[in-house]
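Colleague: One structure coming up, written as structure tokens, with questions to follow.
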Amino acid sequence: MSTQQLTGAEMVIKALADQGVEVVFGYPGGAVLPIYDALFKQNRIRHILVRHEQGAVHAAEGYARSTGKPGVVLVTSGPGATNAVTGLTDALLDSIPIICLTGQVPTHLIGNDAFQECDTTGITRPCTKHNYLVKDVNKVSKTIHEAFYIATSGRPGPVVIDLPKDVQFASGTYEMPKQVAHKTYKPVVKPDRARIEAAVDLLLSAKRPIIYAGGGIINSGPNAAKLLGEFTRMTNFPITLTLMGLGAFPANEPQYLGMLGMHGTYEANWAMHDCDVMLAIGSRFDDRITGRVDAFSPNSTKIHIDIDASSINKNIRVDLPIVGDAGFALEDLIKVYKARQKKPDAAALDRWWKQIDEWRAVKCLDFKTDGKIIKPQQAIRRLYEKTVASGRETFITTEVGQHQMWAAQHFDFQKPNRWMTSGGLGTMGYGLPAAVGTQLGNPDGLVIDIAGEASILMNIQELSTAVQYRLPVKVFILNNEYMGMVRQWQELLHGGRYSESYSEALPDFVKLADAYGLKGLRAENPGQLDDVIDEMLAHDGPVLADILVDKKENCFPMIPSGAAHNDMLLGPVEEGEEAIGAAGKVLV
Amino acid sequence: MAKTGTVGQPGAAYTFVKGDETVRRHTFAVIVDNEPGVLARVIGLFSGRGYNIESLTVSTVTEDESVSRINIVTTGTEMIIEQIKAQLERLIPIHNVHDLTLDGAHVEVELALVKVRAKEHNRRESLRIADIFGAKVADTTLESFVFQIEGTTDKVDSFIELMRALGDTEIARSGVIAIARGSNIVSV
């Protein structure tokens, strides 16, 4: 039996269950009541009640990124859908597979400015990979199955399905999921063999090679990360990862140069600038990576492997474009490389590593501690060391700002799917709901949201969700009483005029934790830091830890906007010097 | 440690130095599924990413009306034109995208209705010019004509320019439709 008669609402639940969905993040409302009623009458799918629809999408993103499965969201019409828009845009920019079901007013009221009506498909068209308005109950199940295929295949992304209330009530025929053969959507996943061979020849001829890998490796799945590791070790080429790619290659291995880009390491950025052959894989030459494009790696031959043809030649003109999935491409690269039975010029590679070691010797991530004030970098470093010592599977989410960059610099990742951060959209308020979703996908994992005191307030209400479902997430706030990254830019660009970037009237986070019903902790000086981290990690429940850190610390190294990779700032700018030129100031 | 350098020269992010910076005009044929919102997806892509639309036409082209063809004339640098094609191909309900300008020889035609209000000498002159251009008279009153003209954008432009010199005008233009020369048929 592949078909049966059900209501639209029952079809939604059945289709989700048949797609293997275990958890749905949502918030009820008038236009989705039939679906909530169907949800009530079953026990295959667990619903997690968030406290704001933006939180639902970020939680689904955290779930998706840490498990590799698509995240599912269920919200009502009007404000439910519009509140989800930030999360959907976030998922689009970071290529996260999300299925978002939105309720809609009954079909006969669409276009009448009905209560809680909005043009959901119109609003979400530019912030989704695809969207649907389903007006026929017989198309509900097929649309949901197709949405899963579109969200998870090719370059993943969010898909919205708008379901009018009368369609949820109506009865129709349910179709089981089957292999989707879409008539127009056919992503290319297998790379062209001739181009892979050309890439291997280029890599074999390299004297100063670099591998620049990104989130595409993570999205391709753990096997791609395994293959990336194999290829890197086999060639002994230096490798750098983007913010989205952290964990795609183990941070503790010798080939790893750290993250690149605006707050990347000195060695990674210099190696990118000076390389002669670049292998970009699953990365997209984002403006945070390239800095000034006319000075970006000026003398290199560039190979770019990406599943999305529109990512190629968008910002940087490359020499050898290859469209395909990172995993398949790496598999072929390894095969062809082995078959060639050649090695790159060993002496040249040796010279290149010596040069890289000189850059490494700058120790660009070093920071000074004084024993009186906790340095934010120190807090993250200690957190990292203690999570390693705990031996537990650790998952880190972040908010957005200085703390995010320090976490990327000072927390080392050895595996993919352990790092959930809002990279493309830069959404403050991402980390806590993402931690909720991550914890649900990984019940035994140690999930920590590294936060700032400003960001955390943007979705603080999700503490209730964590408490309700007894999710032992740890919120580790680096509290410097500033929107730190804004303040840093104001210092560098706007003469230190800290316009509206001071976090005035902050709540007492320990009391706030108490009010929400979770454990609150505070560290005011370096002497208390270790104890607070120990207590946080030992507690079998959610914790909010308020870590008071140096208020004036800035995030370095930094490539100022509009500058080139070999033009990094390693520390505070000296008096009277202009860090950023006029043209750079207009960039963000 | 102090910083290693300052930005001595103006930053030029978001511009491309390599490649050809000449702005060129390209005609695309975009074969799409005829479903609600598909045109909005295409137009939204152009406005959202800052691409230019010089003209756009759309109509169903299959017997069962399930497929539409959108003809778009756009301008941009080589890299932008390449991006436009790649971005269009990313849209889910799109069958295929053809850069007719890049693919080779093609026929481009547009249709215009030109109403001109003129008397005496100018009225006679408008009829004479219409004859030269091969425009048909679609409607007439004692003080006006509506001419129907088809041809390349250039031809229609020059006809309209001449009519404007003869009296008050009102113009309706279809925008460009285009198809590749030769026997090859685009599959849908």
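By convention in this document, the chains of the structure tokens carry letters A, B, ... by their order, each chain's residues are numbered from 1, and ligands are numbered from 1 in the order they are shown.
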List the neighbours of Gly134 in chain B out to 12 Å using only C-alpha atoms; skip same-chain residues closer than 5 positions along the sequence, and give me the result as a ChimeraX atom specification.
Modeller: /B:127-129,147-151,155-156,159
Colleague: Can I get the selected residues back with C-alpha atoms, as a PDB file, in the first residue's frame?
Modeller:
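Here's the written file part_26.pdb:
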ATOM      1  CA  LEU B 127       2.827  57.547 -43.265  1.00  0.00           C
ATOM      2  CA  ARG B 128       5.727  57.787 -45.692  1.00  0.00           C
ATOM      3  CA  ILE B 129       8.308  56.865 -43.044  1.00  0.00           C
ATOM      4  CA  PHE B 147       1.712  52.023 -36.390  1.00  0.00           C
ATOM      5  CA  GLN B 148       2.697  48.456 -35.770  1.00  0.00           C
ATOM      6  CA  ILE B 149       6.410  47.853 -36.341  1.00  0.00           C
ATOM      7  CA  GLU B 150       8.593  44.847 -35.793  1.00  0.00           C
ATOM      8  CA  GLY B 151      12.302  44.282 -36.136  1.00  0.00           C
ATOM      9  CA  LYS B 155      15.215  49.561 -36.091  1.00  0.00           C
ATOM     10  CA  VAL B 156      12.353  50.137 -33.658  1.00  0.00           C
ATOM     11  CA  PHE B 159      11.421  54.545 -36.130  1.00  0.00           C
TER      12      PHE B 159
END
Colleague: Under the rule that only C-alpha atoms are counted, which of A:Lys207, A:Arg233, A:Lys363, A:Lys226 is the nearest residue to chain B?
Modeller: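 Going through A:Lys207, A:Arg233, A:Lys363, A:Lys226 one by one, the smallest distance to chain B is for A:Lys363.
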Colleague: Please indicate the distance in Å from CA of Leu544 in chain A to CA of Arg65 in chain A, rounded to one decimal place.
Modeller: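 These atoms are spaced 22.9 Å apart.
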Colleague: Compile the contact shell of Val188 in chain B as a list in words: residues with an atom at most 12 Å away, counting only C-alpha atoms, same-chain residues fewer than 2 positions apart removed.
Modeller: Lys183 and Thr184 of chain A; Ala29, Val30, Ile31, Val32, Asp33, Asn34, Thr60, Val61, Thr62, Glu63, Glu65, Ser66, Val67, Ser68, Arg69, Pro93, Ile94, His95, Asn96, Val97, His98, Ile185 and Val186 of chain B
Colleague: Would you pick out the contacts of Gly29 in chain A at 12 Å or less, using only C-alpha atoms, so that residues sharing its chain but fewer than 2 positions from it are not included, and give the list as number ranges by chain?
Modeller: A: 26-27, 31-37, 49, 52-53, 74-81, 102-105, 115-116, 165
Colleague: Taking 4 positions as the minimum chain separation for residues in the same chain, which residues sit within 10 Å of Leu537 in chain A when counting only C-alpha atoms? Answer as a list in words.
Modeller: Leu383, Lys386, Thr387, Ser390, Leu446, Val447, Ile448, Pro472, Val473, Lys474, Asp531, Val532, Ile533, Gly541, Pro542 and Val543 of chain A
Colleague: Looking at B:Asn52, B:Asn184, B:Thr77, B:Thr152, which one is nearest to chain A, with distances taken over only C-alpha atoms?
Modeller: B:Thr77
Colleague: Suppose you want the space between CA of Tyr502 in chain A and CA of Lys551 in chain A; what is it in Å?
Modeller: 10.2 Å
